[in-house]
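Here the structure comes first, spelled out in structure tokens, and everything after it is commentary.
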Amino acid sequence: MALARFGGINRVGRALLLLVRKGRLIKIGQGLYARATKSPFDGSPAPVKGLRTLAAEALTKLGIKSGQTRFEKAYNAGQTTQVPAGRVIAVEKRVRRKIGYGGVFLSFERCRS
């Protein structure tokens with residue numbers, strides 16, 4: 001097992017929970033953690049990178065390709081002046097995971113690259 005060198009799954013889980021409680025990590029999904037810093041607004045832990053970037057990295061590790069949504073393509077082509085919110089990610093396969101934190105979660109849109 002891959003976690004055996006770290007002392008087992010229970011020990012790793014306790015270590016991750018401790019880092020989350022200290023505010024050094026933030027849980028963004030099942031088995032997904034991101035490095036965190038103190039938010040300048042309210043002092044709560046916030047991820048160092050943006051949620052969209054973190055989700056794209058997580059999906060890549062899961063073997064799911066992501067790309068631009070139809071709204072991002074329209075904005076980049078100059079067809080609209082509406083700036084995409086960035087809470088939607090285009091994916092090639094079905095994704096059943098919830099990725100997000102603090103009550104803000106991403107949604108997924110099927111694309112045909």
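Naming works like this for the structure tokens: A, B, ... for the chains as they're shown, residue 1 at the start of each chain, ligands 1 onward in shown order.
The list of residues with at least one atom within 7 Å of Arg87 of chain A, based on only C-alpha atoms and without residues fewer than 6 positions apart in the same chain, reads Arg52, Leu106 and Ser107 of chain A.
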Mind writing the picked residues with N, CA and C atoms as a PDB file, in the first residue's frame?
ATOM      1  N   ARG A  52     -10.493  27.479  -9.393  1.00  0.00           N
ATOM      2  CA  ARG A  52     -10.509  26.912 -10.751  1.00  0.00           C
ATOM      3  C   ARG A  52      -9.186  26.239 -11.068  1.00  0.00           C
ATOM      4  N   LEU A 106     -17.716  24.219  -7.546  1.00  0.00           N
ATOM      5  CA  LEU A 106     -17.672  24.341  -9.000  1.00  0.00           C
ATOM      6  C   LEU A 106     -18.715  23.436  -9.631  1.00  0.00           C
ATOM      7  N   SER A 107     -19.134  23.805 -10.812  1.00  0.00           N
ATOM      8  CA  SER A 107     -19.994  22.927 -11.603  1.00  0.00           C
ATOM      9  C   SER A 107     -19.233  22.569 -12.872  1.00  0.00           C
TER      10      SER A 107
END
Please build the interface table for segment 11-90 of chain A against segment 96-101 of chain A with a cut-off of 10 Å, listing for each qualifying residue the nearest atom pair and the distance in Å to one decimal; count only C-alpha atoms, order rows by chain and increasing number, and write it as a Markdown table.
| residue | atom | partner | partner_atom | distance |
| --- | --- | --- | --- | --- |
| A:Ile26 | CA | A:Tyr101 | CA | 7.8 |
| A:Lys27 | CA | A:Tyr101 | CA | 7.0 |
| A:Ile28 | CA | A:Gly100 | CA | 4.8 |
| A:Gly29 | CA | A:Ile99 | CA | 4.9 |
| A:Gln30 | CA | A:Arg97 | CA | 7.6 |
| A:Leu32 | CA | A:Ile99 | CA | 8.3 |
| A:Ala46 | CA | A:Tyr101 | CA | 8.7 |
| A:Pro47 | CA | A:Tyr101 | CA | 9.1 |
| A:Leu51 | CA | A:Gly100 | CA | 6.8 |
| A:Arg52 | CA | A:Gly100 | CA | 9.1 |
| A:Leu54 | CA | A:Ile99 | CA | 8.9 |
| A:Ala55 | CA | A:Ile99 | CA | 6.6 |
| A:Ala58 | CA | A:Ile99 | CA | 9.0 |
| A:Leu59 | CA | A:Arg97 | CA | 9.8 |
| A:Arg87 | CA | A:Gly100 | CA | 9.6 |
**Q.** Two-atom distance - atom CA of Thr53 of chain A, atom CA of Phe6 of chain A (Å)
**A.** 27.8 Å
(Q) Among chain A, which residues does DSSP mark as alpha helix (DSSP H) when it is run on the backbone? Keep the chain and numbering as in the structure and answer as JSON, numbers by chain. (A) {"A": [9, 10, 11, 12, 13, 14, 15, 16, 17, 18, 19, 20, 21, 22, 51, 52, 53, 54, 55, 56, 57, 58, 59, 60, 61, 70, 71, 72, 73, 74, 75, 76]}
Residues from the last selection, N, CA, C and O atoms, saved as a compact mmCIF listing (two decimals), in the first residue's frame:
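Once everything was written out, this is again_8.txt:
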# COMPACT_ATOMS: atom_id res chain seq x y z
N ILE A 9 -3.09 4.52 6.89
CA ILE A 9 -4.12 5.47 6.48
C ILE A 9 -4.66 6.28 7.66
O ILE A 9 -4.97 7.47 7.54
N ASN A 10 -4.78 5.67 8.84
CA ASN A 10 -5.28 6.40 10.01
C ASN A 10 -4.32 7.50 10.44
O ASN A 10 -4.74 8.61 10.78
N ARG A 11 -3.06 7.20 10.41
CA ARG A 11 -2.05 8.19 10.81
C ARG A 11 -2.01 9.37 9.82
O ARG A 11 -1.90 10.52 10.23
N VAL A 12 -2.11 9.05 8.55
CA VAL A 12 -2.12 10.11 7.52
C VAL A 12 -3.37 10.97 7.68
O VAL A 12 -3.32 12.20 7.60
N GLY A 13 -4.52 10.33 7.92
CA GLY A 13 -5.77 11.07 8.12
C GLY A 13 -5.69 12.01 9.31
O GLY A 13 -6.16 13.15 9.24
N ARG A 14 -5.11 11.55 10.41
CA ARG A 14 -4.97 12.40 11.59
C ARG A 14 -4.03 13.57 11.32
O ARG A 14 -4.27 14.70 11.76
N ALA A 15 -2.96 13.30 10.58
CA ALA A 15 -2.01 14.37 10.25
C ALA A 15 -2.67 15.43 9.36
O ALA A 15 -2.48 16.64 9.57
N LEU A 16 -3.45 14.99 8.37
CA LEU A 16 -4.15 15.93 7.50
C LEU A 16 -5.17 16.75 8.29
O LEU A 16 -5.29 17.96 8.11
N LEU A 17 -5.91 16.09 9.19
CA LEU A 17 -6.89 16.78 10.01
C LEU A 17 -6.22 17.84 10.90
O LEU A 17 -6.73 18.95 11.06
N LEU A 18 -5.06 17.51 11.44
CA LEU A 18 -4.32 18.46 12.27
C LEU A 18 -3.89 19.68 11.45
O LEU A 18 -4.02 20.82 11.91
N LEU A 19 -3.41 19.45 10.23
CA LEU A 19 -3.00 20.56 9.37
C LEU A 19 -4.20 21.42 8.95
O LEU A 19 -4.07 22.64 8.81
N VAL A 20 -5.36 20.79 8.77
CA VAL A 20 -6.57 21.55 8.44
C VAL A 20 -6.96 22.41 9.64
O VAL A 20 -7.30 23.59 9.49
N ARG A 21 -6.90 21.85 10.84
CA ARG A 21 -7.26 22.61 12.04
C ARG A 21 -6.30 23.76 12.30
O ARG A 21 -6.71 24.81 12.80
N LYS A 22 -5.03 23.58 11.95
CA LYS A 22 -4.05 24.66 12.12
C LYS A 22 -4.19 25.74 11.05
O LYS A 22 -3.59 26.80 11.16
N LEU A 51 -9.63 28.61 -6.99
CA LEU A 51 -10.39 27.36 -6.97
C LEU A 51 -10.40 26.70 -8.34
O LEU A 51 -10.30 25.48 -8.45
N ARG A 52 -10.49 27.48 -9.39
CA ARG A 52 -10.51 26.91 -10.75
C ARG A 52 -9.19 26.24 -11.07
O ARG A 52 -9.14 25.16 -11.65
N THR A 53 -8.07 26.85 -10.68
CA THR A 53 -6.75 26.26 -10.90
C THR A 53 -6.59 24.98 -10.11
O THR A 53 -6.08 23.97 -10.63
N LEU A 54 -7.03 24.98 -8.86
CA LEU A 54 -6.94 23.79 -8.03
C LEU A 54 -7.77 22.64 -8.61
O LEU A 54 -7.34 21.50 -8.63
N ALA A 55 -8.98 22.97 -9.08
CA ALA A 55 -9.84 21.95 -9.65
C ALA A 55 -9.24 21.38 -10.93
O ALA A 55 -9.29 20.17 -11.16
N ALA A 56 -8.66 22.23 -11.76
CA ALA A 56 -8.03 21.75 -13.00
C ALA A 56 -6.87 20.81 -12.70
O ALA A 56 -6.70 19.77 -13.34
N GLU A 57 -6.07 21.14 -11.67
CA GLU A 57 -4.97 20.27 -11.27
C GLU A 57 -5.49 18.93 -10.74
O GLU A 57 -4.96 17.88 -11.07
N ALA A 58 -6.54 18.98 -9.93
CA ALA A 58 -7.11 17.75 -9.37
C ALA A 58 -7.69 16.87 -10.48
O ALA A 58 -7.49 15.65 -10.47
N LEU A 59 -8.38 17.48 -11.43
CA LEU A 59 -8.96 16.70 -12.53
C LEU A 59 -7.88 16.08 -13.39
O LEU A 59 -8.02 14.95 -13.86
N THR A 60 -6.79 16.80 -13.60
CA THR A 60 -5.67 16.25 -14.37
C THR A 60 -5.10 15.03 -13.68
O THR A 60 -4.81 14.01 -14.32
N LYS A 61 -4.95 15.08 -12.35
CA LYS A 61 -4.43 13.92 -11.61
C LYS A 61 -5.40 12.75 -11.65
O LYS A 61 -4.99 11.61 -11.55
N ARG A 70 -18.17 27.03 -22.90
CA ARG A 70 -18.69 27.72 -24.09
C ARG A 70 -18.74 29.23 -23.85
O ARG A 70 -18.56 30.02 -24.77
N PHE A 71 -18.95 29.67 -22.60
CA PHE A 71 -18.96 31.10 -22.29
C PHE A 71 -17.56 31.69 -22.40
O PHE A 71 -17.39 32.82 -22.86
N GLU A 72 -16.55 30.95 -21.97
CA GLU A 72 -15.17 31.42 -22.10
C GLU A 72 -14.76 31.51 -23.56
O GLU A 72 -14.10 32.47 -23.96
N LYS A 73 -15.17 30.54 -24.36
CA LYS A 73 -14.87 30.59 -25.80
C LYS A 73 -15.52 31.79 -26.46
O LYS A 73 -14.91 32.48 -27.28
N ALA A 74 -16.78 32.05 -26.11
CA ALA A 74 -17.49 33.20 -26.70
C ALA A 74 -16.84 34.51 -26.28
O ALA A 74 -16.69 35.43 -27.09
N TYR A 75 -16.43 34.62 -25.03
CA TYR A 75 -15.78 35.84 -24.55
C TYR A 75 -14.43 36.05 -25.24
O TYR A 75 -14.12 37.16 -25.68
N ASN A 76 -13.64 34.99 -25.35
CA ASN A 76 -12.32 35.09 -25.99
C ASN A 76 -12.43 35.36 -27.48
O ASN A 76 -11.53 35.96 -28.07
Q: Check the DSSP output for the backbone and give back, as JSON, numbers by chain, the residues of segment 1-112 of chain A in strand (DSSP E or B).
A: {"A": [25, 26, 27, 28, 29, 32, 33, 34, 35, 36, 37, 38, 45, 46, 47, 66, 67, 88, 89, 90, 91, 100, 101, 104, 105, 107, 108, 109, 110]}
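As for atom CA of Lys93 of chain A and atom CA of Arg110 of chain A, they are spaced 6.9 Å apart.
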Q: Could you give me, as a list in words, the residues within 10 Å of Val91 of chain A, counting only C-alpha atoms and dropping anything in the same chain fewer than 5 positions from it?
A: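 Surrounding residues, per the criterion: Ala56, Leu59, Ile64, Lys65, Ser66, Gly67, Gln68, Thr69, Phe108, Glu109, Arg110, Cys111, Arg112 and Ser113 of chain A.
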Once you have the residues from the selection above, write them out as a tab-separated table (two decimals), in the first residue's frame, restricted to N, CA and C atoms.
chain	number	residue	atom	x	y	z
A	56	ALA	N	-8.66	22.23	-11.76
A	56	ALA	CA	-8.03	21.75	-13.00
A	56	ALA	C	-6.87	20.81	-12.70
A	59	LEU	N	-8.38	17.48	-11.43
A	59	LEU	CA	-8.96	16.70	-12.53
A	59	LEU	C	-7.88	16.08	-13.39
A	64	ILE	N	-8.82	13.30	-16.02
A	64	ILE	CA	-9.94	13.94	-16.73
A	64	ILE	C	-9.44	15.23	-17.35
A	65	LYS	N	-9.59	15.34	-18.66
A	65	LYS	CA	-9.14	16.55	-19.36
A	65	LYS	C	-10.17	17.65	-19.19
A	66	SER	N	-9.67	18.86	-18.97
A	66	SER	CA	-10.55	20.02	-18.84
A	66	SER	C	-10.16	21.06	-19.88
A	67	GLY	N	-11.10	21.94	-20.16
A	67	GLY	CA	-10.85	22.97	-21.16
A	67	GLY	C	-11.70	24.18	-20.91
A	68	GLN	N	-11.91	24.97	-21.96
A	68	GLN	CA	-12.70	26.19	-21.86
A	68	GLN	C	-14.19	25.87	-21.99
A	69	THR	N	-14.99	26.59	-21.21
A	69	THR	CA	-16.43	26.45	-21.33
A	69	THR	C	-16.91	27.21	-22.56
A	108	PHE	N	-19.69	21.50	-13.51
A	108	PHE	CA	-18.96	20.97	-14.65
A	108	PHE	C	-19.87	20.96	-15.87
A	109	GLU	N	-19.26	21.25	-17.02
A	109	GLU	CA	-19.97	21.30	-18.29
A	109	GLU	C	-19.27	20.34	-19.24
A	110	ARG	N	-20.04	19.51	-19.93
A	110	ARG	CA	-19.43	18.58	-20.89
A	110	ARG	C	-18.97	19.36	-22.13
A	111	CYS	N	-17.78	19.04	-22.60
A	111	CYS	CA	-17.28	19.68	-23.82
A	111	CYS	C	-16.81	18.61	-24.78
A	112	ARG	N	-16.73	18.95	-26.00
A	112	ARG	CA	-16.25	18.06	-27.06
A	112	ARG	C	-15.03	18.70	-27.69
A	113	SER	N	-13.86	18.41	-27.12
A	113	SER	CA	-12.61	19.05	-27.60
A	113	SER	C	-12.32	18.67	-28.95
